[in-house]
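Below: my_file_15.csv (CSV, C-alpha atoms and all ligand atoms)
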```csv
chain,number,residue,atom,x,y,z
R,9,MET,CA,19.0,11.6,1.2
R,10,SER,CA,15.4,12.5,0.9
R,11,ARG,CA,13.1,12.7,4.0
R,12,LEU,CA,11.1,9.7,2.7
R,13,SER,CA,14.1,7.5,2.1
R,14,THR,CA,15.4,8.3,5.6
R,15,LEU,CA,12.0,7.5,7.1
R,16,GLU,CA,11.9,4.2,5.2
R,17,LYS,CA,15.3,3.2,6.6
R,18,LEU,CA,14.3,4.2,10.1
R,19,SER,CA,10.8,2.6,9.9
R,20,THR,CA,9.2,1.6,13.1
R,21,SER,CA,8.9,-1.9,11.8
R,22,SER,CA,12.4,-2.9,12.7
R,23,PRO,CA,15.0,-1.7,15.4
R,24,VAL,CA,17.9,0.4,14.3
R,25,ILE,CA,21.1,1.0,16.4
R,26,ALA,CA,22.6,4.5,16.0
R,27,PRO,CA,26.2,4.7,17.3
R,28,SER,CA,26.7,7.9,19.3
R,29,MET,CA,29.9,9.4,17.9
R,30,LEU,CA,30.5,11.3,21.1
R,31,LYS,CA,32.1,8.2,22.5
R,32,CYS,CA,34.3,7.4,19.5
R,33,ASN,CA,38.1,8.1,19.3
R,34,PHE,CA,38.2,11.6,17.9
R,35,SER,CA,41.8,11.3,16.9
R,36,ARG,CA,40.7,8.7,14.4
R,37,LEU,CA,37.3,10.0,13.4
R,38,SER,CA,37.4,9.0,9.8
R,39,ASP,CA,38.6,5.5,10.7
R,40,GLU,CA,35.8,5.2,13.2
R,41,VAL,CA,33.3,6.1,10.5
R,42,ALA,CA,34.8,3.5,8.2
R,43,ALA,CA,34.8,0.9,10.9
R,44,LEU,CA,31.1,1.5,11.5
R,45,ASP,CA,30.4,1.2,7.8
R,46,ALA,CA,32.1,-2.2,7.9
R,47,ALA,CA,30.1,-3.1,11.0
R,48,GLY,CA,26.8,-2.7,9.2
R,49,SER,CA,25.8,0.6,10.9
R,50,LYS,CA,23.2,2.5,9.0
R,51,VAL,CA,23.0,5.7,11.1
R,52,LEU,CA,25.6,7.9,12.8
R,53,HIS,CA,24.2,9.9,15.8
R,54,TRP,CA,26.1,13.2,16.2
R,55,ASP,CA,25.8,14.9,19.6
R,56,VAL,CA,26.2,18.6,19.0
R,57,MET,CA,26.9,20.6,22.2
R,58,ASP,CA,27.5,24.3,22.6
R,59,GLY,CA,28.7,24.6,26.2
R,60,HIS,CA,25.6,26.6,27.0
R,61,PHE,CA,22.5,24.4,26.6
R,62,VAL,CA,24.7,21.6,28.1
R,63,PRO,CA,27.9,22.0,30.1
R,64,ASN,CA,30.1,20.4,27.4
R,65,LEU,CA,31.4,21.0,23.8
R,66,SER,CA,31.7,18.6,20.9
R,67,TYR,CA,31.7,19.1,17.2
R,68,GLY,CA,29.7,21.0,14.6
R,69,PRO,CA,28.7,21.2,10.9
R,70,MET,CA,32.3,21.6,9.5
R,71,VAL,CA,33.1,18.2,10.8
R,72,PHE,CA,30.0,16.6,9.3
R,73,ALA,CA,30.6,18.3,5.9
R,74,GLY,CA,34.1,16.8,5.9
R,75,LEU,CA,32.8,13.3,6.6
R,76,ARG,CA,29.6,13.5,4.5
R,77,GLU,CA,31.5,12.4,1.3
R,78,GLN,CA,32.9,9.4,3.0
R,79,THR,CA,29.8,7.4,3.9
R,80,ASP,CA,26.2,6.8,2.9
R,81,GLN,CA,25.1,6.3,6.5
R,82,ILE,CA,22.2,8.5,7.7
R,83,PHE,CA,23.6,11.6,9.6
R,84,ASP,CA,21.4,12.1,12.7
R,85,ALA,CA,22.2,15.4,14.3
R,86,HIS,CA,21.1,15.8,17.9
R,87,LEU,CA,21.3,19.6,18.6
R,88,MET,CA,21.9,20.2,22.3
R,89,ILE,CA,22.3,23.9,21.6
R,90,SER,CA,20.6,27.1,22.6
R,91,ASN,CA,19.1,29.1,19.7
R,92,PRO,CA,19.2,26.2,17.1
R,93,GLN,CA,17.3,28.5,14.7
R,94,ASP,CA,20.5,30.6,14.3
R,95,TYR,CA,22.5,27.5,13.1
R,96,LEU,CA,19.9,25.3,11.3
R,97,ASP,CA,21.1,26.3,7.8
R,98,THR,CA,24.6,25.2,8.5
R,99,TYR,CA,23.5,21.7,9.6
R,100,LEU,CA,21.2,21.5,6.5
R,101,GLU,CA,24.1,22.5,4.3
R,102,ALA,CA,26.4,20.0,6.0
R,103,GLY,CA,24.2,17.2,4.8
R,104,CYS,CA,22.4,16.1,8.0
R,105,ASP,CA,19.5,13.8,7.2
R,106,CYS,CA,17.7,14.0,10.6
R,107,ILE,CA,17.8,17.1,12.7
R,108,THR,CA,16.6,17.0,16.3
R,109,ILE,CA,16.1,20.1,18.4
R,110,HIS,CA,15.3,20.3,22.1
R,111,ILE,CA,11.9,21.5,23.4
R,112,GLU,CA,13.8,23.2,26.4
R,113,ALA,CA,15.7,25.3,23.9
R,114,VAL,CA,12.7,26.1,21.7
R,115,PRO,CA,9.5,26.1,23.6
R,116,ASP,CA,7.4,26.6,20.4
R,117,PRO,CA,9.3,24.6,17.8
R,118,THR,CA,6.5,24.9,15.1
R,119,GLU,CA,8.5,27.0,12.7
R,120,LEU,CA,11.8,25.1,13.0
R,121,LEU,CA,10.2,21.6,12.7
R,122,THR,CA,8.2,22.9,9.6
R,123,LYS,CA,11.4,24.3,8.1
R,124,ILE,CA,13.4,21.0,8.6
R,125,ARG,CA,10.6,19.1,6.9
R,126,SER,CA,10.3,21.7,4.1
R,127,THR,CA,14.0,21.1,3.3
R,128,ASN,CA,13.3,17.4,2.8
R,129,ARG,CA,14.9,16.2,6.1
R,130,VAL,CA,13.6,14.3,9.0
R,131,ALA,CA,12.4,16.6,11.8
R,132,GLY,CA,13.0,15.5,15.4
R,133,LEU,CA,12.1,16.8,18.8
R,134,SER,CA,13.8,15.8,22.0
R,135,LEU,CA,13.1,16.2,25.7
R,136,ASN,CA,15.2,16.0,28.8
R,137,PRO,CA,14.4,13.5,31.6
R,138,GLY,CA,12.9,16.3,33.8
R,139,THR,CA,10.6,17.7,31.1
R,140,ASN,CA,6.9,16.7,31.0
R,141,LEU,CA,5.7,14.9,28.0
R,142,GLU,CA,2.9,17.4,27.7
R,143,ALA,CA,5.4,20.0,26.6
R,144,ILE,CA,5.9,18.2,23.3
R,145,GLU,CA,2.4,16.8,22.8
R,146,PRO,CA,1.1,19.8,20.8
R,147,PHE,CA,3.9,19.4,18.3
R,148,LEU,CA,3.8,15.7,17.7
R,149,SER,CA,2.1,16.0,14.3
R,150,LEU,CA,5.1,18.1,13.1
R,151,CYS,CA,7.7,15.5,14.2
R,152,ASP,CA,8.9,12.6,12.3
R,153,LEU,CA,11.0,11.5,15.3
R,154,VAL,CA,10.9,12.0,19.0
R,155,LEU,CA,14.1,11.5,21.0
R,156,VAL,CA,13.6,10.5,24.6
R,157,MET,CA,16.6,11.4,26.7
R,158,SER,CA,17.3,8.6,29.3
R,159,VAL,CA,20.2,10.6,30.9
R,160,GLU,CA,20.8,14.3,31.5
R,161,PRO,CA,22.2,15.5,28.2
R,162,GLY,CA,25.8,16.5,28.0
R,163,PHE,CA,28.0,13.4,28.5
R,164,GLY,CA,28.2,9.8,27.4
R,165,GLY,CA,28.7,6.9,29.8
R,166,GLN,CA,26.0,7.8,32.3
R,167,ALA,CA,23.6,5.3,33.9
R,168,PHE,CA,20.2,4.8,32.2
R,169,LYS,CA,17.2,6.4,34.0
R,170,PRO,CA,14.5,3.7,34.1
R,171,GLU,CA,11.7,6.3,34.1
R,172,ALA,CA,12.4,6.6,30.4
R,173,VAL,CA,10.7,3.3,29.7
R,174,ARG,CA,7.3,4.6,30.9
R,175,ARG,CA,7.7,7.8,28.9
R,176,ILE,CA,8.4,5.8,25.8
R,177,SER,CA,5.2,3.7,26.3
R,178,ARG,CA,3.1,6.8,26.8
R,179,LEU,CA,4.6,8.4,23.7
R,180,ARG,CA,3.9,5.2,21.7
R,181,GLU,CA,0.3,5.5,22.7
R,182,ILE,CA,-0.1,9.2,21.8
R,183,ALA,CA,2.1,9.5,18.7
R,184,SER,CA,1.3,8.2,15.2
R,185,PRO,CA,2.4,4.6,14.6
R,186,GLU,CA,4.9,6.0,12.0
R,187,THR,CA,6.6,8.3,14.4
R,188,ILE,CA,10.2,7.2,15.1
R,189,ILE,CA,10.8,6.9,18.8
R,190,SER,CA,14.4,7.1,19.7
R,191,VAL,CA,16.0,6.7,23.1
R,192,ASP,CA,19.4,8.1,24.0
R,193,GLY,CA,21.6,7.6,27.0
R,194,GLY,CA,22.8,4.5,28.9
R,195,ILE,CA,21.5,2.2,26.1
R,196,GLY,CA,23.2,-1.3,26.1
R,197,PRO,CA,22.4,-5.0,26.2
R,198,GLU,CA,20.8,-4.6,29.7
R,199,THR,CA,18.5,-1.7,28.9
R,200,ILE,CA,17.6,-2.0,25.2
R,201,GLY,CA,15.0,-4.7,25.6
R,202,ASP,CA,12.8,-2.7,27.9
R,203,CYS,CA,12.9,0.3,25.6
R,204,SER,CA,12.1,-1.8,22.6
R,205,ALA,CA,9.2,-3.5,24.4
R,206,ALA,CA,7.9,0.0,25.3
R,207,GLY,CA,7.9,1.0,21.7
R,208,ALA,CA,11.2,2.7,20.8
R,209,ASN,CA,12.7,1.7,17.5
R,210,LEU,CA,15.9,3.8,17.2
R,211,PHE,CA,18.5,3.2,19.8
R,212,VAL,CA,21.4,5.6,20.4
R,213,ALA,CA,24.4,3.8,21.9
R,214,GLY,CA,27.8,5.2,22.7
R,215,SER,CA,29.7,3.3,25.4
R,216,ALA,CA,28.0,0.0,24.6
R,217,ILE,CA,29.6,0.1,21.1
R,218,PHE,CA,32.8,2.1,21.5
R,219,ASN,CA,33.9,0.5,24.7
R,220,THR,CA,34.1,-2.9,22.9
R,221,ASP,CA,36.6,-4.0,20.4
R,222,ASN,CA,34.0,-5.5,18.0
R,223,TYR,CA,31.5,-2.9,16.8
R,224,SER,CA,29.8,-5.4,14.5
R,225,GLU,CA,29.1,-7.8,17.3
R,226,ALA,CA,28.0,-5.1,19.7
R,227,ILE,CA,25.5,-3.7,17.1
R,228,ALA,CA,24.2,-7.1,16.0
R,229,GLN,CA,23.7,-8.2,19.6
R,230,MET,CA,21.7,-5.1,20.6
R,231,ARG,CA,19.7,-5.2,17.4
R,232,SER,CA,18.7,-8.8,18.1
R,233,LEU,CA,17.8,-8.1,21.7
R,234,ALA,CA,15.6,-5.2,20.6
R,235,GLU,CA,14.0,-7.4,17.9
R,236,ASP,CA,13.2,-10.1,20.4
R,237,CYS,CA,11.5,-7.6,22.7
R,238,ARG,CA,9.7,-5.5,20.1
R,239,ILE,CA,6.1,-4.8,20.6
R,240,SER,CA,4.0,-6.5,18.0
R,241,GLU,CA,2.3,-4.6,15.2
R,242,SER,CA,-1.1,-5.4,16.6
R,243,SER,CA,-0.4,-4.1,20.1
R,244,GLN,CA,0.6,-0.8,18.5
R,245,GLU,CA,-2.8,-0.3,17.0
H,301,LIG,C1,24.3,12.6,25.8
H,301,LIG,C2,24.2,12.1,24.4
H,301,LIG,C3,24.2,10.6,24.2
H,301,LIG,C4,25.4,9.9,24.8
H,301,LIG,C5,25.2,8.4,24.6
H,301,LIG,O1,24.1,13.9,25.9
H,301,LIG,O2,23.0,12.6,23.8
H,301,LIG,O3,24.1,10.4,22.8
H,301,LIG,O4,26.6,10.3,24.2
H,301,LIG,O5,26.3,7.8,25.2
H,301,LIG,P1,26.1,6.5,26.1
H,301,LIG,O6,25.5,5.5,25.2
H,301,LIG,O7,27.5,6.2,26.6
H,301,LIG,O8,25.2,6.9,27.2
H,302,ZN,ZN,22.4,12.2,21.6
```
With the file now loaded, output its structure as structure tokens.
Ligand code: DX5
Ligand code: ZN
Amino acid sequence: MSRLSTLEKLSTSSPVIAPSMLKCNFSRLSDEVAALDAAGSKVLHWDVMDGHFVPNLSYGPMVFAGLREQTDQIFDAHLMISNPQDYLDTYLEAGCDCITIHIEAVPDPTELLTKIRSTNRVAGLSLNPGTNLEAIEPFLSLCDLVLVMSVEPGFGGQAFKPEAVRRISRLREIASPETIISVDGGIGPETIGDCSAAGANLFVAGSAIFNTDNYSEAIAQMRSLAEDCRISESSQE
């Protein structure tokens, strides 16, 4: 999918829920993707971990390449890896539509963000809860998406860190109105409203979807809560 089509689907004018596949049943990965297709999901969030940048391992580009033919959903790759520059091509080749790197892994992400955009994909930059927003500020114009971590990266099922809400509000003030603001970690019916009111529009949710037996209902409920709390267009200007 082209960068512009992906950006259109993730436009800041309406909330989008992105299931975090880290929490799905890996023994039935293909069925889980099909179930999310049926549930109306438009984005799959893939948490890539290398056991070095974070103390956990997950999946990589071969898995995405295998599933790429199965679904039209946007593949949103969240690279929690050291040295993402060494692996970027494999994620591009595997058909990831959005690629997000961490500022803690790449203190000057200019070249990588530029490369992601030049390959017609959405370029994302993420920051951990302990990293100052100032660290990413110089690169905002190179980002299509900023991913605010609301837990320490590495594991699903952690409690939401409420400081993330203030960070989202501040980002919404300093980033372009078109910049997608995503929030990741501990997102569910109790936390999504505050994040939406602060200006986030892409909500990554693992446990809040996969710990239920009705993905469609879980996604629709969160989308509607986010919609109800969304900041108005005029307050964004
Ligand atoms: C954490 C990951 C998250 C996480 C979300 O490193 O980036 O995407 O799996 O899972 P929940 O929604 O359970 O916090
Ligand atoms: Zn993630």
Choose the residue, out of R:Leu65, R:Leu179, R:Leu12, R:Ile195, that has the smallest atom-to-atom separation from Gly162 (chain R); count only C-alpha atoms.
->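 Among the listed residues, R:Leu65 lies closest to Gly162 (chain R).
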10 Å contact set for Lys31 (chain R), only C-alpha atoms, chain neighbours under 2 positions out, as a list of chain:residue names |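 The neighbour list is R:Pro27, R:Ser28, R:Met29, R:Asn33, R:Phe34, R:Asp55, R:Phe163, R:Gly164, R:Gly165, R:Ala213, R:Gly214, R:Ser215, R:Ala216, R:Ile217, R:Phe218, R:Asn219.
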Output file for the residues above (C-alpha atoms, as a PDB file, keeping the file's coordinate frame):
```pdb
ATOM      1  CA  PRO R  27      26.200   4.700  17.300  1.00  0.00           C
ATOM      2  CA  SER R  28      26.700   7.900  19.300  1.00  0.00           C
ATOM      3  CA  MET R  29      29.900   9.400  17.900  1.00  0.00           C
ATOM      4  CA  ASN R  33      38.100   8.100  19.300  1.00  0.00           C
ATOM      5  CA  PHE R  34      38.200  11.600  17.900  1.00  0.00           C
ATOM      6  CA  ASP R  55      25.800  14.900  19.600  1.00  0.00           C
ATOM      7  CA  PHE R 163      28.000  13.400  28.500  1.00  0.00           C
ATOM      8  CA  GLY R 164      28.200   9.800  27.400  1.00  0.00           C
ATOM      9  CA  GLY R 165      28.700   6.900  29.800  1.00  0.00           C
ATOM     10  CA  ALA R 213      24.400   3.800  21.900  1.00  0.00           C
ATOM     11  CA  GLY R 214      27.800   5.200  22.700  1.00  0.00           C
ATOM     12  CA  SER R 215      29.700   3.300  25.400  1.00  0.00           C
ATOM     13  CA  ALA R 216      28.000   0.000  24.600  1.00  0.00           C
ATOM     14  CA  ILE R 217      29.600   0.100  21.100  1.00  0.00           C
ATOM     15  CA  PHE R 218      32.800   2.100  21.500  1.00  0.00           C
ATOM     16  CA  ASN R 219      33.900   0.500  24.700  1.00  0.00           C
TER      17      ASN R 219
END
```
Quick one: of R:Ser204, R:Ser126, R:Ser184, R:Thr108, who's nearest to ligand LIG 301 (chain H), counting only C-alpha atoms and all ligand atoms?
->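 Using only C-alpha atoms and all ligand atoms, ligand LIG 301 (chain H) sits closest to R:Thr108.
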From CA of Ala172 (chain R) to CA of Ala131 (chain R) the spacing works out at 21.1 Å
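Distance annotation: of R:Ser177, R:Thr20, R:Ser149, R:Asn64, the residue with the minimal separation from ligand LIG 301 (chain H) is R:Asn64; atom set is all atoms listed in the file.
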Given all atoms listed in the file as the counted atoms, nearest of R:Leu153, R:Ile82, R:Ala167, R:Val212 to Pro185 (chain R) =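 Checking each candidate against Pro185 (chain R), we get R:Leu153 as the closest.
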Smallest atom-to-atom distance to ligand ZN 302 (chain H): which of R:Gln78, R:Gln93, R:Ser66, R:Asn209, using all atoms listed in the file?
-> R:Ser66
Check every protein, DNA and RNA residue against ligand ZN 302 (chain H), keep those with an atom at most 8 Å away (counting all atoms listed in the file), and present them as a PyMOL selection string.
-> chain R and resi 28+53-56+85-86+157+161+192-193+212
Between CA of Leu30 (chain R) and CA of Leu121 (chain R), what is the spacing in Å?
->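 These atoms are spaced 24.3 Å apart.
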